[in-house]
Structure formats: C-alpha cells, structure tokens
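J.: For reference, this is upload34.cif, and it has mmCIF, C-alpha atoms.
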data_structure
#
loop_
_atom_site.label_atom_id
_atom_site.label_comp_id
_atom_site.auth_asym_id
_atom_site.auth_seq_id
_atom_site.Cartn_x
_atom_site.Cartn_y
_atom_site.Cartn_z
CA MET A 1 -13.19 -21.63 -64.90
CA SER A 2 -14.07 -21.27 -61.22
CA LYS A 3 -12.55 -18.32 -59.44
CA TYR A 4 -11.21 -20.80 -56.86
CA ASN A 5 -8.28 -23.14 -57.29
CA PHE A 6 -10.34 -26.23 -56.49
CA PRO A 7 -10.33 -29.61 -58.26
CA ARG A 8 -12.96 -29.91 -60.97
CA VAL A 9 -15.96 -32.10 -60.17
CA VAL A 10 -17.78 -34.17 -62.78
CA ILE A 11 -20.83 -36.43 -63.00
CA THR A 12 -19.97 -39.96 -64.07
CA GLY A 13 -23.10 -41.97 -63.28
CA VAL A 14 -26.84 -41.45 -62.84
CA GLY A 15 -29.78 -43.54 -61.67
CA ALA A 16 -33.46 -42.79 -61.18
CA VAL A 17 -36.82 -44.21 -60.20
CA THR A 18 -39.55 -41.78 -61.24
CA PRO A 19 -43.25 -41.51 -62.12
CA ILE A 20 -42.29 -41.36 -65.82
CA GLY A 21 -39.75 -44.16 -65.88
CA ASN A 22 -37.94 -46.54 -63.55
CA THR A 23 -34.62 -46.00 -65.29
CA VAL A 24 -32.88 -42.83 -66.43
CA GLU A 25 -33.27 -43.92 -70.04
CA ASP A 26 -37.03 -44.35 -69.70
CA MET A 27 -37.37 -41.09 -67.78
CA TRP A 28 -35.48 -39.13 -70.43
CA GLN A 29 -37.47 -40.71 -73.25
CA SER A 30 -40.70 -39.75 -71.48
CA MET A 31 -39.44 -36.18 -71.23
CA MET A 32 -38.60 -36.12 -74.92
CA ASP A 33 -42.07 -37.49 -75.66
CA GLY A 34 -43.72 -34.92 -73.38
CA LYS A 35 -45.25 -37.68 -71.29
CA GLY A 36 -46.59 -36.87 -67.82
CA GLY A 37 -46.90 -39.17 -64.83
CA SER A 38 -50.02 -37.82 -63.13
CA ALA A 39 -52.88 -40.29 -62.68
CA PRO A 40 -55.50 -41.35 -60.09
CA ILE A 41 -53.96 -42.48 -56.81
CA THR A 42 -53.60 -46.24 -56.37
CA HIS A 43 -51.52 -46.39 -53.16
CA PHE A 44 -54.59 -45.79 -50.98
CA ASP A 45 -58.30 -44.98 -51.24
CA ALA A 46 -58.36 -41.25 -52.03
CA THR A 47 -62.13 -40.95 -52.35
CA GLU A 48 -62.44 -38.46 -49.49
CA PHE A 49 -59.40 -36.38 -50.45
CA ALA A 50 -59.48 -33.04 -52.25
CA SER A 51 -56.76 -34.32 -54.60
CA LYS A 52 -57.42 -37.80 -55.87
CA PHE A 53 -54.40 -38.05 -58.15
CA ALA A 54 -50.61 -37.98 -57.91
CA CYS A 55 -47.44 -38.80 -59.81
CA GLU A 56 -46.85 -42.29 -58.46
CA VAL A 57 -43.99 -44.57 -59.45
CA LYS A 58 -45.50 -47.31 -61.63
CA ASN A 59 -44.62 -50.98 -62.04
CA TYR A 60 -41.74 -50.75 -59.57
CA ASP A 61 -40.14 -54.07 -58.65
CA PRO A 62 -37.86 -53.73 -55.61
CA LEU A 63 -36.69 -57.32 -56.06
CA LEU A 64 -34.62 -56.20 -59.04
CA HIS A 65 -32.17 -54.72 -56.54
CA LEU A 66 -33.15 -56.05 -53.10
CA ASN A 67 -33.98 -59.39 -51.54
CA ARG A 68 -37.30 -60.05 -49.80
CA LYS A 69 -35.94 -59.62 -46.29
CA GLU A 70 -34.43 -56.24 -47.21
CA VAL A 71 -37.73 -55.09 -48.71
CA GLN A 72 -39.58 -56.01 -45.50
CA ARG A 73 -37.12 -53.98 -43.45
CA MET A 74 -37.03 -50.83 -45.60
CA ASP A 75 -39.57 -48.09 -46.09
CA LEU A 76 -40.46 -47.46 -49.72
CA PHE A 77 -38.32 -44.30 -49.85
CA THR A 78 -35.24 -46.38 -48.98
CA GLN A 79 -36.16 -49.03 -51.53
CA TYR A 80 -36.31 -46.33 -54.21
CA ALA A 81 -32.96 -44.99 -52.97
CA ILE A 82 -31.21 -48.36 -53.22
CA SER A 83 -32.63 -49.01 -56.69
CA ALA A 84 -31.53 -45.61 -58.01
CA ALA A 85 -28.11 -45.92 -56.35
CA THR A 86 -27.58 -49.38 -57.83
CA MET A 87 -28.33 -48.08 -61.30
CA ALA A 88 -26.04 -45.06 -60.81
CA VAL A 89 -23.14 -47.25 -59.65
CA GLU A 90 -23.65 -49.56 -62.62
CA ASP A 91 -23.87 -46.59 -64.98
CA ALA A 92 -20.62 -45.15 -63.61
CA ASP A 93 -18.95 -48.55 -64.08
CA VAL A 94 -17.45 -48.35 -60.60
CA ASP A 95 -15.48 -51.25 -59.12
CA PHE A 96 -15.22 -50.21 -55.49
CA THR A 97 -12.80 -53.07 -54.72
CA LYS A 98 -10.18 -51.21 -56.78
CA LEU A 99 -10.74 -47.84 -55.08
CA ASP A 100 -10.00 -46.35 -51.66
CA THR A 101 -13.48 -46.59 -50.10
CA GLU A 102 -12.39 -44.46 -47.15
CA ARG A 103 -12.36 -41.59 -49.64
CA ILE A 104 -15.81 -42.33 -51.06
CA GLY A 105 -18.87 -41.06 -49.21
CA VAL A 106 -22.63 -40.71 -49.41
CA ILE A 107 -24.79 -37.64 -48.89
CA PHE A 108 -28.39 -38.50 -49.54
CA GLY A 109 -31.53 -36.69 -48.43
CA SER A 110 -35.23 -37.13 -47.90
CA GLY A 111 -37.62 -34.36 -47.03
CA MET A 112 -39.89 -36.58 -44.93
CA GLY A 113 -38.30 -40.01 -44.58
CA GLY A 114 -40.44 -43.04 -43.81
CA MET A 115 -43.90 -41.50 -43.63
CA ASN A 116 -45.57 -44.74 -44.70
CA THR A 117 -43.78 -46.61 -41.93
CA PHE A 118 -44.85 -43.96 -39.41
CA HIS A 119 -48.48 -44.28 -40.55
CA ASP A 120 -48.46 -48.09 -40.43
CA GLN A 121 -46.84 -48.37 -37.01
CA HIS A 122 -49.09 -45.69 -35.53
CA GLU A 123 -52.12 -47.63 -36.74
CA ILE A 124 -50.77 -50.74 -35.00
CA LEU A 125 -50.36 -48.77 -31.77
CA ILE A 126 -53.92 -47.44 -31.94
CA LYS A 127 -55.42 -50.84 -32.75
CA ARG A 128 -53.59 -52.26 -29.71
CA GLY A 129 -55.27 -49.68 -27.49
CA GLY A 130 -52.05 -47.76 -27.01
CA LYS A 131 -50.05 -50.83 -25.99
CA PRO A 132 -46.60 -50.65 -27.64
CA ASP A 133 -45.84 -54.38 -27.62
CA ARG A 134 -46.44 -54.80 -31.38
CA ILE A 135 -44.38 -51.85 -32.59
CA SER A 136 -41.74 -53.22 -34.93
CA PRO A 137 -38.11 -53.18 -33.77
CA PHE A 138 -37.39 -51.90 -37.28
CA PHE A 139 -39.75 -48.92 -36.88
CA ILE A 140 -37.08 -46.31 -36.12
CA PRO A 141 -34.47 -47.64 -38.59
CA MET A 142 -37.15 -47.68 -41.30
CA LEU A 143 -38.41 -44.20 -40.44
CA ILE A 144 -35.34 -41.98 -40.17
CA SER A 145 -34.17 -40.08 -43.25
CA ASP A 146 -30.49 -40.86 -42.75
CA ILE A 147 -31.06 -44.60 -43.02
CA ALA A 148 -30.94 -44.36 -46.84
CA PRO A 149 -27.31 -43.14 -47.02
CA GLY A 150 -26.53 -45.68 -44.29
CA HIS A 151 -27.86 -48.53 -46.41
CA ILE A 152 -26.04 -47.26 -49.49
CA ALA A 153 -22.75 -47.12 -47.58
CA ILE A 154 -23.21 -50.60 -46.13
CA ARG A 155 -24.05 -52.10 -49.52
CA TRP A 156 -20.78 -50.97 -51.11
CA GLY A 157 -18.55 -50.48 -48.07
CA LEU A 158 -18.25 -46.72 -48.54
CA LYS A 159 -16.50 -45.30 -45.47
CA GLY A 160 -16.15 -41.62 -46.31
CA PRO A 161 -18.42 -38.74 -45.18
CA ASN A 162 -21.98 -39.95 -44.76
CA TYR A 163 -25.13 -38.12 -43.73
CA SER A 164 -28.57 -36.98 -44.81
CA THR A 165 -29.73 -33.50 -45.79
CA VAL A 166 -33.25 -32.29 -45.03
CA SER A 167 -34.40 -28.99 -46.52
CA ALA A 168 -37.83 -29.71 -47.98
CA CYS A 169 -37.85 -29.35 -51.77
CA ALA A 170 -34.19 -28.26 -51.82
CA THR A 171 -33.06 -31.42 -50.00
CA SER A 172 -31.21 -33.29 -52.72
CA SER A 173 -29.78 -30.14 -54.26
CA HIS A 174 -28.19 -29.55 -50.87
CA SER A 175 -26.92 -33.15 -51.01
CA ILE A 176 -25.18 -32.38 -54.29
CA ALA A 177 -23.88 -29.04 -53.01
CA ASP A 178 -22.46 -30.49 -49.79
CA ALA A 179 -20.76 -33.34 -51.63
CA PHE A 180 -19.36 -30.87 -54.16
CA MET A 181 -17.77 -28.86 -51.34
CA ILE A 182 -16.44 -31.97 -49.59
CA ILE A 183 -14.72 -33.10 -52.80
CA GLN A 184 -13.35 -29.61 -53.44
CA ARG A 185 -11.94 -29.50 -49.91
CA GLY A 186 -10.06 -32.75 -50.53
CA MET A 187 -12.00 -34.88 -48.03
CA ALA A 188 -13.19 -37.36 -50.68
CA ASP A 189 -12.47 -38.41 -54.25
CA MET A 190 -15.98 -39.59 -55.08
CA MET A 191 -19.46 -39.14 -53.59
CA VAL A 192 -22.81 -40.86 -54.10
CA VAL A 193 -25.45 -38.13 -53.86
CA GLY A 194 -29.17 -37.68 -54.29
CA GLY A 195 -32.54 -37.93 -52.63
CA SER A 196 -35.63 -40.06 -52.30
CA GLU A 197 -39.25 -39.55 -51.33
CA ALA A 198 -42.33 -41.76 -50.91
CA VAL A 199 -45.16 -39.76 -49.35
CA VAL A 200 -48.07 -40.40 -51.70
CA SER A 201 -49.96 -41.49 -48.60
CA PRO A 202 -53.00 -40.38 -46.61
CA LEU A 203 -50.87 -38.15 -44.36
CA GLY A 204 -48.77 -36.76 -47.21
CA VAL A 205 -51.64 -35.93 -49.55
CA GLY A 206 -53.95 -34.90 -46.70
CA GLY A 207 -51.35 -32.58 -45.22
CA PHE A 208 -50.63 -30.76 -48.45
CA ASN A 209 -54.36 -30.60 -49.22
CA SER A 210 -54.91 -28.88 -45.87
CA MET A 211 -52.37 -26.26 -46.95
CA ARG A 212 -54.20 -25.90 -50.29
CA ALA A 213 -50.89 -26.50 -52.01
CA LEU A 214 -51.98 -29.32 -54.33
CA SER A 215 -53.88 -29.15 -57.59
CA THR A 216 -57.46 -30.38 -57.34
CA ARG A 217 -57.97 -30.85 -61.08
CA ASN A 218 -59.64 -34.21 -60.50
CA ASP A 219 -61.58 -34.02 -63.77
CA ASP A 220 -58.32 -33.99 -65.76
CA PRO A 221 -55.38 -35.16 -63.65
CA THR A 222 -53.10 -35.81 -66.62
CA THR A 223 -52.84 -32.05 -67.27
CA ALA A 224 -52.87 -30.93 -63.63
CA SER A 225 -49.16 -30.15 -63.38
CA ARG A 226 -48.93 -27.00 -65.51
CA PRO A 227 -46.05 -24.76 -64.42
CA PHE A 228 -46.18 -21.13 -65.57
CA ASP A 229 -49.62 -21.66 -67.12
CA LYS A 230 -52.28 -19.10 -66.19
CA ASP A 231 -54.68 -21.84 -65.08
CA ARG A 232 -52.29 -23.60 -62.70
CA ASP A 233 -53.88 -24.38 -59.35
CA GLY A 234 -51.19 -26.15 -57.32
CA PHE A 235 -48.52 -28.80 -57.58
CA VAL A 236 -48.96 -32.52 -58.15
CA ILE A 237 -47.29 -34.58 -55.44
CA GLY A 238 -44.86 -37.20 -56.71
CA GLU A 239 -42.44 -39.84 -55.48
CA GLY A 240 -39.20 -41.47 -56.52
CA SER A 241 -35.45 -41.14 -56.29
CA GLY A 242 -32.49 -39.73 -58.15
CA VAL A 243 -28.80 -40.55 -57.61
CA LEU A 244 -25.64 -39.10 -59.14
CA ILE A 245 -22.04 -40.27 -58.86
CA ILE A 246 -19.75 -37.25 -58.70
CA GLU A 247 -15.97 -37.27 -58.43
CA THR A 248 -12.89 -35.23 -59.17
CA LEU A 249 -12.01 -34.99 -62.83
CA GLU A 250 -8.61 -36.51 -62.11
CA HIS A 251 -10.17 -39.50 -60.32
CA ALA A 252 -12.66 -40.01 -63.15
CA GLN A 253 -10.02 -39.84 -65.86
CA LYS A 254 -7.72 -42.27 -64.03
CA ARG A 255 -10.42 -44.93 -64.11
CA GLY A 256 -11.54 -44.09 -67.65
CA ALA A 257 -15.03 -42.98 -66.68
CA LYS A 258 -17.51 -41.42 -69.09
CA LEU A 259 -18.57 -37.87 -68.26
CA TYR A 260 -22.06 -36.39 -68.32
CA ALA A 261 -21.33 -32.82 -67.26
CA GLU A 262 -19.29 -30.76 -64.83
CA VAL A 263 -20.68 -29.52 -61.52
CA ALA A 264 -19.44 -25.96 -61.81
CA GLY A 265 -20.95 -23.87 -59.03
CA ILE A 266 -23.46 -23.70 -56.21
CA GLY A 267 -25.58 -21.00 -54.60
CA LEU A 268 -27.27 -21.57 -51.24
CA THR A 269 -29.46 -18.96 -49.52
CA ASP A 270 -32.55 -18.52 -47.40
CA ASP A 271 -35.44 -16.06 -47.75
CA ALA A 272 -35.79 -15.49 -43.99
CA PHE A 273 -39.32 -14.38 -44.85
CA HIS A 274 -42.11 -16.97 -44.41
CA ILE A 275 -42.40 -20.68 -43.66
CA THR A 276 -44.09 -21.53 -46.97
CA GLN A 277 -44.36 -18.45 -49.22
CA PRO A 278 -41.37 -17.30 -51.29
CA ALA A 279 -39.99 -13.83 -50.65
CA PRO A 280 -41.48 -11.07 -52.84
CA GLY A 281 -39.80 -10.90 -56.23
CA GLY A 282 -37.97 -14.14 -55.50
CA GLU A 283 -35.32 -12.20 -53.58
CA GLY A 284 -33.71 -15.31 -52.09
CA ALA A 285 -33.78 -17.10 -55.44
CA VAL A 286 -32.06 -14.11 -57.03
CA ARG A 287 -29.18 -14.44 -54.59
CA SER A 288 -28.87 -18.22 -54.96
CA MET A 289 -28.73 -18.00 -58.77
CA ARG A 290 -26.23 -15.15 -58.73
CA LEU A 291 -24.02 -17.00 -56.26
CA CYS A 292 -23.98 -20.24 -58.24
CA ILE A 293 -23.17 -18.47 -61.52
CA GLU A 294 -20.39 -16.49 -59.82
CA ASP A 295 -19.09 -19.64 -58.12
CA ALA A 296 -18.82 -21.25 -61.55
CA GLY A 297 -16.74 -18.34 -62.79
CA LEU A 298 -19.44 -17.42 -65.29
CA LYS A 299 -21.64 -14.46 -66.13
CA PRO A 300 -25.45 -14.55 -66.50
CA GLU A 301 -25.15 -14.28 -70.28
CA ASP A 302 -23.12 -17.54 -70.29
CA ILE A 303 -26.17 -19.54 -69.16
CA ASP A 304 -28.15 -21.23 -71.93
CA TYR A 305 -30.79 -23.19 -69.98
CA VAL A 306 -32.54 -23.07 -66.63
CA ASN A 307 -34.33 -26.07 -65.18
CA ALA A 308 -36.79 -24.05 -63.12
CA HIS A 309 -38.22 -24.99 -59.75
CA GLY A 310 -41.53 -24.44 -61.56
CA THR A 311 -43.91 -26.08 -59.14
CA SER A 312 -47.22 -25.08 -60.81
CA THR A 313 -48.26 -23.04 -57.78
CA PRO A 314 -49.40 -19.42 -58.19
CA PHE A 315 -46.81 -18.00 -55.77
CA ASN A 316 -43.71 -19.92 -56.89
CA ASP A 317 -44.03 -19.51 -60.64
CA ARG A 318 -44.70 -15.79 -60.43
CA ASN A 319 -41.84 -15.17 -58.01
CA GLU A 320 -39.40 -17.39 -59.90
CA THR A 321 -40.23 -15.51 -63.10
CA ALA A 322 -39.44 -12.22 -61.36
CA ALA A 323 -36.19 -13.68 -59.99
CA LEU A 324 -35.08 -14.91 -63.41
CA LYS A 325 -35.73 -11.49 -64.94
CA THR A 326 -33.72 -9.82 -62.17
CA VAL A 327 -30.75 -12.16 -62.53
CA PHE A 328 -30.59 -12.36 -66.31
CA GLY A 329 -31.94 -8.99 -67.42
CA ASP A 330 -32.34 -8.80 -71.20
CA HIS A 331 -30.60 -12.18 -71.54
CA VAL A 332 -33.72 -13.82 -70.10
CA ASN A 333 -35.19 -13.59 -73.61
CA ASN A 334 -32.35 -15.80 -74.90
CA LEU A 335 -32.74 -18.40 -72.17
CA SER A 336 -34.44 -21.73 -72.63
CA ILE A 337 -36.40 -22.46 -69.47
CA SER A 338 -38.47 -25.48 -68.54
CA SER A 339 -40.01 -27.21 -65.58
CA THR A 340 -39.66 -30.98 -65.73
CA LYS A 341 -42.09 -31.10 -62.79
CA SER A 342 -44.77 -30.71 -65.46
CA MET A 343 -43.98 -34.37 -66.23
CA THR A 344 -42.62 -35.90 -63.02
CA GLY A 345 -44.77 -33.96 -60.59
CA HIS A 346 -43.08 -32.54 -57.51
CA LEU A 347 -40.78 -35.17 -56.01
CA LEU A 348 -40.14 -33.06 -52.89
CA GLY A 349 -36.83 -34.19 -51.38
CA ALA A 350 -35.92 -36.10 -54.54
CA ALA A 351 -36.69 -33.20 -56.89
CA GLY A 352 -33.24 -31.62 -56.92
CA ALA A 353 -31.43 -34.84 -57.81
CA VAL A 354 -33.87 -35.91 -60.52
CA GLU A 355 -33.80 -32.41 -62.01
CA ALA A 356 -29.99 -32.32 -61.83
CA ILE A 357 -29.99 -35.53 -63.87
CA ALA A 358 -32.42 -34.00 -66.38
CA THR A 359 -30.25 -30.88 -66.63
CA SER A 360 -27.11 -32.94 -67.18
CA LEU A 361 -28.82 -34.96 -69.90
CA ALA A 362 -30.04 -31.75 -71.53
CA ILE A 363 -26.41 -30.61 -71.72
CA LYS A 364 -25.09 -33.96 -72.91
CA ASN A 365 -27.82 -34.50 -75.52
CA SER A 366 -28.21 -30.85 -76.60
CA MET A 367 -31.95 -31.07 -75.96
CA VAL A 368 -34.15 -28.86 -73.78
CA PRO A 369 -36.95 -30.83 -72.06
CA PRO A 370 -40.39 -29.27 -72.43
CA THR A 371 -42.85 -27.76 -70.00
CA ILE A 372 -45.95 -29.76 -70.86
CA ASN A 373 -49.60 -28.83 -70.24
CA TYR A 374 -48.84 -25.25 -71.19
CA THR A 375 -51.98 -23.93 -72.89
CA THR A 376 -52.78 -20.47 -71.50
CA PRO A 377 -49.92 -17.97 -71.19
CA ASP A 378 -49.73 -16.01 -67.95
CA PRO A 379 -48.64 -12.39 -68.41
CA ASP A 380 -46.92 -12.64 -65.00
CA CYS A 381 -44.83 -15.58 -66.26
CA ASP A 382 -43.81 -14.36 -69.69
CA LEU A 383 -40.76 -16.54 -70.21
CA ASN A 384 -39.64 -18.95 -72.90
CA VAL A 385 -40.74 -22.04 -70.98
CA THR A 386 -40.21 -24.48 -73.90
CA PRO A 387 -43.93 -25.21 -74.19
CA ASN A 388 -45.08 -28.79 -74.76
CA LYS A 389 -42.27 -30.04 -77.01
CA PRO A 390 -38.49 -30.43 -76.53
CA VAL A 391 -36.15 -28.15 -78.42
CA ALA A 392 -32.73 -28.98 -79.83
CA LYS A 393 -30.15 -26.54 -78.50
CA LYS A 394 -26.45 -26.54 -77.75
CA ILE A 395 -26.14 -25.99 -74.01
CA LYS A 396 -22.76 -24.99 -72.63
CA ALA A 397 -23.97 -24.03 -69.16
CA ALA A 398 -27.22 -24.49 -67.23
CA VAL A 399 -28.71 -23.73 -63.83
CA SER A 400 -31.06 -25.99 -61.87
CA ASN A 401 -33.21 -24.33 -59.19
CA THR A 402 -34.87 -25.85 -56.14
CA PHE A 403 -36.65 -23.85 -53.45
CA GLY A 404 -38.19 -25.31 -50.29
CA PHE A 405 -40.53 -24.54 -47.41
CA GLY A 406 -38.60 -22.70 -44.75
CA GLY A 407 -37.21 -20.33 -47.38
CA HIS A 408 -34.43 -22.70 -48.49
CA ASN A 409 -32.96 -21.89 -51.91
CA ALA A 410 -30.42 -23.99 -53.80
CA SER A 411 -29.16 -23.30 -57.31
CA ILE A 412 -26.58 -25.48 -59.02
CA CYS A 413 -24.66 -24.60 -62.18
CA PHE A 414 -23.68 -27.39 -64.58
CA LYS A 415 -21.38 -27.06 -67.59
CA ALA A 416 -20.67 -29.12 -70.66
CA PHE A 417 -17.32 -30.79 -70.06
CA GLU A 418 -14.41 -29.18 -71.88
CA ASP A 419 -10.71 -30.09 -71.48
#
The structure given in the file should be rewritten as structure tokens.
T.:
Amino acid sequence: MSKYNFPRVVITGVGAVTPIGNTVEDMWQSMMDGKGGSAPITHFDATEFASKFACEVKNYDPLLHLNRKEVQRMDLFTQYAISAATMAVEDADVDFTKLDTERIGVIFGSGMGGMNTFHDQHEILIKRGGKPDRISPFFIPMLISDIAPGHIAIRWGLKGPNYSTVSACATSSHSIADAFMIIQRGMADMMVVGGSEAVVSPLGVGGFNSMRALSTRNDDPTTASRPFDKDRDGFVIGEGSGVLIIETLEHAQKRGAKLYAEVAGIGLTDDAFHITQPAPGGEGAVRSMRLCIEDAGLKPEDIDYVNAHGTSTPFNDRNETAALKTVFGDHVNNLSISSTKSMTGHLLGAAGAVEAIATSLAIKNSMVPPTINYTTPDPDCDLNVTPNKPVAKKIKAAVSNTFGFGGHNASICFKAFED
C-alpha cells in the first residue's frame, strides 16, 4: 500500500501502434516471439546517411481510425496518436456519454512533434524563394506537440485537464506520472495518457547521426538494437504511439472495467549534469527508482521485474546497470530485467507509454519479455537481461525506467492488482 491516503489508480485500457505490431496484441506476440522491427528505411532515401535503417511502423492504415480530410490535416505523429487512443478507448470499453467528461482529461506527449510537417513546409518556403504565400494554414496546428491531446479531447469530448509533456525520451512516462498525480489529487476520475513520435525522417535520422547516437550496423540492421550487449554501438530510432486509460479503482469498478495492473508509484528526477550524457553511476536514475518504489509503499526486494531504459548505447546501458546495482543491492541477482527497445527500437517520446504497456502485460500474463540480439556479454552490464527468449515468471511488482536528454529521469512502479 502507498504511504499516502490517495485513491488507487489502475490501468483499464491500452492501445499501440509500433514497429512490431499495429495493435497491442500483435506487439505483445512479437515480443513473445523475440521479433525485432529494425529494417532498411523506406520513409525517405537514406543512401547518404550513416544509419540506413530504423524501426519504422509497417503497413499502417490511418483510414482505419481517421477520414481522408483528417489525415491530410494531421502530421503522422498525431495520426499514430489517434489510432492508439481509439484502440485504448475500445479496449477499456468506455462509453463517454455515460460518464462526466468534465472529469476526464488527456495528458499526451511527443518529444519532437510534427517534424515531418516542419520539413515539408520548409521545403515549400525554400522552393518559393522565401515567399511565404504557400505555407499551409494547417502548418502550426500540425506541428505543435500539444495538438495530439487536443485532437483526442475533441474526438471524445473530454473536458478535464489537457496538455502535452515534452521531456525527450521520458516524455510519455511524465504523461503517465502527471495524470497519476492529477487523479490522486481528485481533479479527475479518468485520464487518457501516452505519447507519440514520428521522426524517422531526414532531419531526425541526420540529427542523431551527427551526435553519433545511432547504430550504424548497416550490414545487419535486424540485430542492430542490442541493449547491454558488449558489441552495441548506438540506438535504433523508432516511431509509433502508446496510449493507456487510467482511472481510480472505484471509478473502474463502478463501470465493471477489466484491470491490467495498478499504477503504484512514480519517481521523477534530473541529473543536472550534462545535456546528453547520463550522470556517472546513474546517480539520477538511482534517485528516480528509489522514489518510485518508496512512493508505491514497497521495498527494493519487492520488485520482480524492471523494464530497463536499455537504449543500446555504451553510456546508458553501463550507467543504468550501475544504478540498478545501487538501488537493488544483492536483490539485483533475483531481478528479471529486459529492454523491449531491443525489439521496438527507441520510440523517443512514445517509449515510456509503449514500455508501460509492455510492463503491464508482463504483470498480467506472468511473462518477462526478452532482450533480443544479446550475443556477447558485457562485464560492465552483468545483469539478468532475459536474453533472447521470454521467461515465465509471476510478477507482483515491476519498475519501468525512461531517461531523456536534458538529464530527465522517470521511473514508474506497477503492481499486480490485488483487492
């Protein structure tokens, strides 16, 4: 039990569009099959780029959830958001006409917003010799990150708290955390939360290549995302969206909702160290994990599984390993740990939501997703990373980590629901 006398918060619906499945069911099956989503880039000609591959969403049909006019007026990140939100609402079996929509809100983030729209409209400006007469009147509404929660609210008439979080790779974990606190404070009964990203684009890939953050394993892209492996050489950029419906336990039970897991605690910190590198020893991650476990009213030894940030970069994986050892001590040897980014790639602002869904399903299904492409152990990352195949395990409590540029750290604790 939490040390605070707050209402309990539960997950009642999930939706996802990812590089390994355009539904939650397909995504989870891919994880159980150890199937990765990395492949040569098709969104643009990547011939001149250092990284010629990515984890793109495949066979996505926006017309399943949007009409043609809506598609023309939304950046791809918003299209993904609406699709994932629609599936989450359907999964939660919500009839908003029977609920007080003034007490239902949306907090939904994107690390970069409409980068494709920015690129396209800038090209129009340049081709017109700097004349702005052909810039679309929808340019700004398509570009801004907060347009996604705006569209979600409009679609279902949700009039509660509504805004967008932006904290790089921790973006949608912060969405979940903020909504969790809003519900606990009594400002809402239910929240639609998550994140979306669509930056597999010349600027997105080119920018991360310039930072030397991406893997350049062009000879074997399917195994390029290899968290905690000694031969890792950078992350694989991905795209997609994840959405969760969270609400008070009382509200969920009144409407007879099914329950995935309980959102039990949050830990939010910053490294205050460097714009891109994690603090030595994962100091900020240590504090975020300790805070979320304490907030849940648990002890480190109560945690059974950690969905690691696990980006497949040399700095992150080494520092996260050190942080996990600091937080869990000898119990780290009993922990199951995995990085689902080995399969989805790094979804940036959508990572936290998609990984929260994976963590919730791990609890509900008593299955630990694997870390695939793990072939060469790294003595600096000597953890039980659930190599290559899923493992059956009863999970009573789990932590999901997300850490972002700017030193942002967000850890969320989930528990199996118990009366």
J.: Quick one: residues within 6 Å of segment 228-231 of chain A, all atoms listed in the file counted, chain neighbours fewer than 6 positions away excluded, as a VMD selection string?
T.: chain A and resid 317 374 376 to 378 381
J.: Would you write out, as a Markdown table, a table of all residues in segment 87-138 of chain A that have an atom no more than 10 Å from an atom of segment 347-351 of chain A, listing for each the closest atom pair and the distance in Å to one decimal, considering only C-alpha atoms and ordering rows by chain and rising residue number?
T.:
| residue | atom | partner | partner_atom | distance |
| --- | --- | --- | --- | --- |
| A:Phe108 | CA | A:Ala350 | CA | 9.4 |
| A:Gly109 | CA | A:Gly349 | CA | 6.6 |
| A:Ser110 | CA | A:Gly349 | CA | 4.8 |
| A:Gly111 | CA | A:Gly349 | CA | 4.4 |
| A:Met112 | CA | A:Gly349 | CA | 7.5 |
| A:Gly113 | CA | A:Gly349 | CA | 9.1 |
J.: How far is it from atom CA of Thr86 of chain A to atom CA of Gly37 of chain A, in Å with one decimal?
T.: 22.9 Å
J.: The residues within 12 Å of (-55.7, -35.7, -50.7), using all atoms listed in the file and the coordinates of the file, should be reported as a PyMOL selection string; which are they?
T.: chain A and resi 40-41+43-54+199-218+236-237
J.: How would the residues just picked look written out with C-alpha atoms as a compact mmCIF listing (two decimals), in the coordinates of the input?
T.:
# COMPACT_ATOMS: atom_id res chain seq x y z
CA PRO A 40 -55.50 -41.35 -60.09
CA ILE A 41 -53.96 -42.48 -56.81
CA HIS A 43 -51.52 -46.39 -53.16
CA PHE A 44 -54.59 -45.79 -50.98
CA ASP A 45 -58.30 -44.98 -51.24
CA ALA A 46 -58.36 -41.25 -52.03
CA THR A 47 -62.13 -40.95 -52.35
CA GLU A 48 -62.44 -38.46 -49.49
CA PHE A 49 -59.40 -36.38 -50.45
CA ALA A 50 -59.48 -33.04 -52.25
CA SER A 51 -56.76 -34.32 -54.60
CA LYS A 52 -57.42 -37.80 -55.87
CA PHE A 53 -54.40 -38.05 -58.15
CA ALA A 54 -50.61 -37.98 -57.91
CA VAL A 199 -45.16 -39.76 -49.35
CA VAL A 200 -48.07 -40.40 -51.70
CA SER A 201 -49.96 -41.49 -48.60
CA PRO A 202 -53.00 -40.38 -46.61
CA LEU A 203 -50.87 -38.15 -44.36
CA GLY A 204 -48.77 -36.76 -47.21
CA VAL A 205 -51.64 -35.93 -49.55
CA GLY A 206 -53.95 -34.90 -46.70
CA GLY A 207 -51.35 -32.58 -45.22
CA PHE A 208 -50.63 -30.76 -48.45
CA ASN A 209 -54.36 -30.60 -49.22
CA SER A 210 -54.91 -28.88 -45.87
CA MET A 211 -52.37 -26.26 -46.95
CA ARG A 212 -54.20 -25.90 -50.29
CA ALA A 213 -50.89 -26.50 -52.01
CA LEU A 214 -51.98 -29.32 -54.33
CA SER A 215 -53.88 -29.15 -57.59
CA THR A 216 -57.46 -30.38 -57.34
CA ARG A 217 -57.97 -30.85 -61.08
CA ASN A 218 -59.64 -34.21 -60.50
CA VAL A 236 -48.96 -32.52 -58.15
CA ILE A 237 -47.29 -34.58 -55.44
J.: Pick the closest to Met31 of chain A from A:Gly310, A:Gly329, A:Gly267, A:Pro19: which is it, counting all atoms listed in the file?
T.: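 Residue with the minimum atom-to-atom distance to Met31 of chain A: A:Pro19.
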J.: Could you check the closest approach to Leu361 of chain A for each of A:Ala224, A:Met289, A:Val71, A:Ala397 and tell me which residue wins, using only C-alpha atoms?
T.: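 Of A:Ala224, A:Met289, A:Val71, A:Ala397, the one nearest Leu361 of chain A, counting only C-alpha atoms, is A:Ala397.
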J.: Spell out the residues picked by the PyMOL selection byres ((chain A and resi 121-125) around 12) here, as an NGL selection string.
T.: :A and (75 or 114-120 or 126-140 or 142-143 or 203)
